[in-house]
Amino acid sequence: MDLKEKLVILADSAKYDASCSSSGSKRKGDSIGNTAYSGICHSFASDGRCISLLKILLTNCCIYDCKYCLNRRSNNIKRAIFTPEEICTITINFYKRNYIEGLFLSSGIIKNPDYTMNLIIETVYLLRNKYHFGGYIHAKAIPGANKNLLNKLGNLVDRLSANVELPTEKGLKLLAPNKSSDKVTEIMSYVNNNRSTKFVPAGQSTQMIIGATDETDLDIMNKSENMYNRYKLKRVFYSAYIPVNKDKLLPSINTPPLIRENRLYQADWLLRYYNFKVDDILDKNNPNFNLLLDPKCDWALRHLDEFPKEINKCSYFDLLKIPGIGVTCAKRIISSRKYFSIDFKDLKKIGVVLKRAKYFITCNGKYFISNSNFKKDFIEYNLLLEDNNSNNSSGKQMSLF
Amino acid sequence: MIYLYKENFIDLLNLINYLLKNKVKPENIKNEIYMKTLLEETYYPVIAEDKNLSERIINKIGIESFLIVYYVFLSNADNKELLIYKYLLSSLKYKNKIRFMRNIDCVNECLKISKYVKTEAHKFKGFVRFSELDNGVLYSQIEPENNIMLLLCNHFKRRLKNECWVIKDNRRNLVGIYDKKECYILDSDIDIKKFDSEDYYEDMWKEFYKTIGIKERKNDRCRMNFMPKKYWKYIVEVSDNEKSSV
């Protein structure tokens with residue numbers, strides 16, 4: 001099998017992993033390669049996802065038989081395995097041409113977890129020490145492998161990840177009977193306890209598949225919040241379930257739940273940067289996100305008593321609660337209003353999305369819309385209308401009926 | 001009166017300093033290659049170069065506010081010189097607070113333009129595509145909106161420090177050259193013809209690119225938002241078919 005064919009097989013098997021970020025590391029490098037702290041996207045695939053890293057599996061041979069996975073043992077597909085040298089050669093040659101920021105190396109489980117982990121370590125070790133590669137490396141930690149191996153790998157890479165795969169142990173038992181969430185959390189807690197500028201400098205991340213089992217958004221977000229708090233994860237990725245296998249235990253759907261996935265990402269942002277708690281945005285009576293409105297708008301409409309907020313007075317965290325104002329804008333408002341009093345036309349210059357924010361704010365006591373319209377129904381109707389207009393790709397007036 | 005300067009940043013700062021000092025309000029400021037119309041009058045004042053001028057400006061308005069001026073200078077904005085003049089004029093009053101004064105139109109405009117230049121430079125750090133010439137030199141061509149050559153060279157000389165590389169800006173006939181030691185930026189219209197032999201790794205990259213997209217999630221609009229067509233020309237993994245179909 002030639003190298004190109006291997007690459008196609010092992011990239012095809014790796015593509016369902018959502019992570020491709022190359023941020024969080026300040027590696028300087030002494031020969032070829034360094035990292036950019038903010039990360040750099042090098043291309044965008046036909047599905048619109050960023051390509052930043054050479055995302056491949058070391059092998060798609062696997063001793064496990066997880067129901068949802070393309071590479072499960074019982075599937076009759078072409079199998080391949082890279083040698084460590086082959087991976088290094090491709091990485092260096094892609095890097096030199098500026099196609100990538102580095103390598104994202106994952107693998108099916110071959111023989112046993114330790115054996116697999118050793119192959120990953122050998123590859124990354126070669127890349128760092130024989131090829132003197134200073135670019136970004138994200139590697140998968142194999143659950144169940146020896147702690148010493150985890151320690152070795154962590155000292156070579158920028159980011160480590162271990163996928164929880166499914167939000168609950170029950171789901172995991174059902175669809176991935178060879179895996180257990182304990183082994184994943186063991187990795188997370190080891191990495192968290194040992195993290196330093198030398199050991200996994202860009203932190204760890206994980207991924208959950210959305211819609212393969214019957215968890216609610218509340219279950220999923222609780223799991224995320226818990227992991228952010230306990231293990232200081234950098235990111236949780238959500239991957240809409242795509243049916244690649246037929247199995248009676250799997251749901252039968254035609255299209256992946258992409259809107260739901262988007263809502264989870266938006267909510268994830270609210271947790272990490274906007275000081276929201278899961279309890280604020282979901283509860284037992286509303287365990288799933290509104291598919292029509294983003295979680296922040298939805299929250300604001302359910303808490304209209306907290307609005308309108310005065311742009312020139314309210315705190316940074318209050319600014320962040322206003323739909324249409326993000327982290328950058330909130331910071332700009334804080335730094336600007338020290339020097340001048342902000343009115344509506346300044347907000348536009350600052351970059352606030354007024355078509356959302358206007359219902360929720362006052363500037364020097366003035367309300368943008370008439371007071372009598374400060375009602376949930378009116379605002380909700382207009383927000384939905386705005387969204388539909390901007391989603392209309394042709395730019396034509398949408399047809400209302 | 002339209003005032004002229006030699007096409008470099010220091011010369012522009014000197015001219016603006018001269019205008020401010022003499023309390024002259026320019027109708028416009030343009031670089032010396034500007035083609036004036038019949039009704040316009042141009043003037044090219046002889047100014048002795050003030051060696052410490054940029055340092056003094058930095059001391060007064062702070063490096064962040066000064067960098068905004070520099071990025072605006074690198075931009076392709078039509079009226080950038082006049083904008084810089086207005087910004088520096090306002091900075092006499094607001095000093096190091098100037099970059100927070102978004103309610104002043106010229107400041108807001110400068111902030112927007114400098115952001116645009118920085119964003120474009122960041123995008124090109126990803127979108128530059130080198131091909132390996134027979135002699136091992138890495139060669140790439142770009143056509144950015146703004147003059148981001150220096151920003152790119154600074155990036156690649158840290159990243160590919162043991163390689164020889166050339167970046168050619170076809171829009172400005174500028175080249176950035178790095179010889180494993182120093183980096184030079186020169187005016188040049190060299191055109192390196194692409195060698196005939198296929199690049200094995202370029203082919204491989206194209207295959208990788210085709211494979212990595214998930215067909216059940218195909219989303220052209222999203223891809224276009226992040227990687228608009230204007231960048232496609234030298235992006236090798238976008239197929240010729242796609243390039244010509246739009």
# chains A, B, ... in the order shown; residues from 1 in each chain; ligands from 1

call {"tool": "residues_around", "arguments": {"residues": "Ser106 in chain A", "least_positions_apart": "6", "cutoff": "9 Å", "atoms": "only C-alpha atoms", "output": "JSON, numbers by chain"}}
result
{"A": [14, 55, 56, 57, 58, 59, 120, 138, 139, 140, 141, 142]}

call {"tool": "write_last_selection", "arguments": {"atoms": "C-alpha atoms", "output": "compact mmCIF listing (two decimals), in the first residue's frame"}}
result
# COMPACT_ATOMS: atom_id res chain seq x y z
CA ALA A 14 -9.91 10.32 12.01
CA LYS A 55 -5.53 14.89 11.80
CA ILE A 56 -4.84 11.17 11.39
CA LEU A 57 -4.98 7.86 13.15
CA LEU A 58 -1.82 5.87 13.67
CA THR A 59 -3.92 2.85 12.79
CA ILE A 120 2.13 7.08 19.73
CA HIS A 138 -2.08 17.14 19.99
CA ALA A 139 -2.15 13.46 20.92
CA LYS A 140 -4.81 11.15 22.22
CA ALA A 141 -4.16 9.50 25.55
CA ILE A 142 -5.33 5.91 25.48

call {"tool": "interface_residues", "arguments": {"of": "chain A", "to": "chain B", "cutoff": "7 Å", "atoms": "only C-alpha atoms", "output": "MDAnalysis selection string"}}
result
chainID A and resid 4 7:8 11:12 15 31:34 40:48 93:94 97:99 335:336 346 349:350

call {"tool": "write_last_selection", "arguments": {"atoms": "N, CA, C and O atoms", "output": "compact mmCIF listing (two decimals), in the first residue's frame"}}
result
# COMPACT_ATOMS: atom_id res chain seq x y z
N LYS A 4 0.19 7.46 0.06
CA LYS A 4 -0.98 8.30 -0.19
C LYS A 4 -2.27 7.54 0.18
O LYS A 4 -3.18 8.10 0.79
N LEU A 7 -2.66 7.43 3.87
CA LEU A 7 -3.08 8.72 4.41
C LEU A 7 -4.59 8.89 4.25
O LEU A 7 -5.28 9.34 5.17
N VAL A 8 -5.10 8.51 3.08
CA VAL A 8 -6.54 8.66 2.84
C VAL A 8 -7.34 7.79 3.82
O VAL A 8 -8.30 8.26 4.44
N ALA A 11 -6.89 9.26 7.46
CA ALA A 11 -7.51 10.57 7.66
C ALA A 11 -9.02 10.38 7.67
O ALA A 11 -9.73 11.00 8.46
N ASP A 12 -9.50 9.52 6.78
CA ASP A 12 -10.94 9.24 6.73
C ASP A 12 -11.43 8.70 8.07
O ASP A 12 -12.51 9.05 8.54
N LYS A 15 -11.55 11.66 10.81
CA LYS A 15 -12.23 12.94 10.57
C LYS A 15 -13.39 13.20 11.51
O LYS A 15 -13.82 14.33 11.65
N SER A 31 14.44 24.61 15.63
CA SER A 31 14.83 24.27 14.28
C SER A 31 13.69 24.55 13.32
O SER A 31 13.61 25.61 12.72
N ILE A 32 12.77 23.60 13.22
CA ILE A 32 11.61 23.87 12.38
C ILE A 32 10.37 23.91 13.26
O ILE A 32 10.12 23.01 14.05
N GLY A 33 9.61 25.00 13.11
CA GLY A 33 8.32 25.05 13.77
C GLY A 33 8.29 25.77 15.10
O GLY A 33 9.25 25.72 15.87
N ASN A 34 7.19 26.45 15.33
CA ASN A 34 6.87 27.03 16.64
C ASN A 34 5.35 27.01 16.74
O ASN A 34 4.68 26.49 15.85
N ILE A 40 -3.72 28.95 14.60
CA ILE A 40 -3.87 29.45 13.23
C ILE A 40 -4.63 28.40 12.41
O ILE A 40 -4.30 27.23 12.44
N CYS A 41 -5.65 28.86 11.70
CA CYS A 41 -6.36 27.97 10.78
C CYS A 41 -5.67 28.02 9.43
O CYS A 41 -5.39 29.10 8.92
N HIS A 42 -5.39 26.88 8.85
CA HIS A 42 -4.69 26.88 7.56
C HIS A 42 -5.62 26.66 6.38
O HIS A 42 -5.31 27.07 5.27
N SER A 43 -6.72 26.00 6.63
CA SER A 43 -7.66 25.82 5.53
C SER A 43 -9.03 25.52 6.13
O SER A 43 -9.15 25.41 7.36
N PHE A 44 -10.03 25.44 5.26
CA PHE A 44 -11.37 25.08 5.73
C PHE A 44 -11.92 24.00 4.81
O PHE A 44 -11.89 24.15 3.59
N ALA A 45 -12.38 22.92 5.40
CA ALA A 45 -12.82 21.76 4.62
C ALA A 45 -14.19 22.03 4.01
O ALA A 45 -14.84 23.03 4.32
N SER A 46 -14.64 21.11 3.17
CA SER A 46 -15.93 21.29 2.49
C SER A 46 -17.09 21.38 3.48
O SER A 46 -18.15 21.89 3.14
N ASP A 47 -16.90 20.92 4.72
CA ASP A 47 -17.95 21.04 5.72
C ASP A 47 -17.81 22.32 6.54
O ASP A 47 -18.53 22.52 7.51
N GLY A 48 -16.87 23.18 6.16
CA GLY A 48 -16.71 24.46 6.83
C GLY A 48 -15.88 24.40 8.10
O GLY A 48 -15.65 25.42 8.74
N ASN A 93 6.89 17.60 5.94
CA ASN A 93 6.71 18.12 4.58
C ASN A 93 5.45 18.98 4.44
O ASN A 93 5.46 19.95 3.70
N PHE A 94 4.41 18.63 5.15
CA PHE A 94 3.21 19.48 5.16
C PHE A 94 3.51 20.80 5.88
O PHE A 94 3.08 21.85 5.46
N ARG A 97 5.50 23.39 3.88
CA ARG A 97 4.69 24.04 2.84
C ARG A 97 3.59 24.93 3.44
O ARG A 97 2.75 25.47 2.73
N ASN A 98 3.58 25.02 4.76
CA ASN A 98 2.61 25.82 5.50
C ASN A 98 1.17 25.33 5.33
O ASN A 98 0.23 26.12 5.31
N TYR A 99 0.99 24.02 5.18
CA TYR A 99 -0.36 23.48 5.12
C TYR A 99 -0.96 23.34 6.53
O TYR A 99 -2.17 23.33 6.68
N SER A 335 -13.74 50.13 28.68
CA SER A 335 -12.61 51.06 28.51
C SER A 335 -13.07 52.39 27.91
O SER A 335 -12.50 53.43 28.21
N SER A 336 -14.10 52.36 27.06
CA SER A 336 -14.56 53.61 26.44
C SER A 336 -15.28 54.52 27.43
O SER A 336 -15.07 55.73 27.42
N ASP A 346 -22.63 55.33 19.22
CA ASP A 346 -21.30 54.84 19.62
C ASP A 346 -21.29 53.31 19.71
O ASP A 346 -20.29 52.67 19.41
N LYS A 349 -20.33 51.71 16.59
CA LYS A 349 -18.88 51.80 16.34
C LYS A 349 -18.12 50.79 17.19
O LYS A 349 -17.10 50.25 16.78
N ILE A 350 -18.60 50.58 18.40
CA ILE A 350 -17.93 49.64 19.30
C ILE A 350 -18.08 48.21 18.80
O ILE A 350 -17.26 47.35 19.09

call {"tool": "select_by_dssp", "arguments": {"residues": "range 239-365 of chain A", "states": "strand (DSSP E)", "output": "list in words"}}
result
Ser239, Ala240, Lys309, Glu310, Ile361, Thr362 and Cys363 of chain A

call {"tool": "closest_residue", "arguments": {"among": "B:Glu64, B:Asp78, B:Glu27, B:Glu145", "to": "Tyr231 in chain B", "atoms": "only C-alpha atoms"}}
result
B:Glu145

call {"tool": "residues_around", "arguments": {"residues": "range 179-196 of chain B", "least_positions_apart": "2", "cutoff": "10 Å", "atoms": "only C-alpha atoms", "output": "count of residues only"}}
result
34

call {"tool": "atom_distance", "arguments": {"atom1": "CA of Ala357 in chain A", "atom2": "CA of Ile325 in chain A"}}
result
6.9 Å

call {"tool": "atom_distance", "arguments": {"atom1": "CA of Asp283 in chain A", "atom2": "CA of Asn222 in chain A"}}
result
10.4 Å

call {"tool": "closest_residue", "arguments": {"among": "B:Tyr234, B:Tyr116, B:Tyr3, B:Tyr178", "to": "Ile33 in chain B", "atoms": "only C-alpha atoms"}}
result
B:Tyr3

call {"tool": "atom_distance", "arguments": {"atom1": "CA of Ser315 in chain A", "atom2": "CA of Lys355 in chain A"}}
result
21.6 Å

call {"tool": "residues_around", "arguments": {"residues": "Lys93 in chain B", "least_positions_apart": "6", "cutoff": "12 Å", "atoms": "only C-alpha atoms", "output": "list in words"}}
result
Lys60, Ile61, Lys86, Tyr87 and Met101 of chain B

call {"tool": "closest_residue", "arguments": {"among": "A:Glu186, A:Glu85, A:Asp114, A:Glu165", "to": "Leu127 in chain A", "atoms": "only C-alpha atoms"}}
result
A:Glu85

call {"tool": "closest_residue", "arguments": {"among": "B:Asn96, B:Glu41, B:Ser244, B:Ile148", "to": "Asn76 in chain B", "atoms": "only C-alpha atoms"}}
result
B:Ile148

call {"tool": "select_by_dssp", "arguments": {"residues": "range 110-213 of chain B", "states": "alpha helix (DSSP H)", "output": "number ranges by chain"}}
result
B: 110-127, 149-159, 200-212

call {"tool": "closest_atom_pairs", "arguments": {"of": "range 55-127 of chain A", "to": "range 243-249 of chain A", "cutoff": "12 Å", "atoms": "only C-alpha atoms", "output": "Markdown table"}}
result
| residue | atom | partner | partner_atom | distance |
| --- | --- | --- | --- | --- |
| A:Asp65 | CA | A:Asn245 | CA | 11.4 |
| A:Cys66 | CA | A:Asn245 | CA | 10.2 |
| A:Lys67 | CA | A:Asp247 | CA | 7.0 |
| A:Tyr68 | CA | A:Asn245 | CA | 6.2 |
| A:Cys69 | CA | A:Val244 | CA | 7.2 |
| A:Leu70 | CA | A:Val244 | CA | 6.1 |
| A:Asn71 | CA | A:Asn245 | CA | 9.8 |
| A:Arg72 | CA | A:Asn245 | CA | 9.4 |
| A:Arg73 | CA | A:Asn245 | CA | 12.0 |
| A:Ser74 | CA | A:Asn245 | CA | 10.3 |
| A:Asn75 | CA | A:Asn245 | CA | 8.4 |
| A:Asn76 | CA | A:Asn245 | CA | 11.0 |
| A:Ile77 | CA | A:Asn245 | CA | 11.6 |
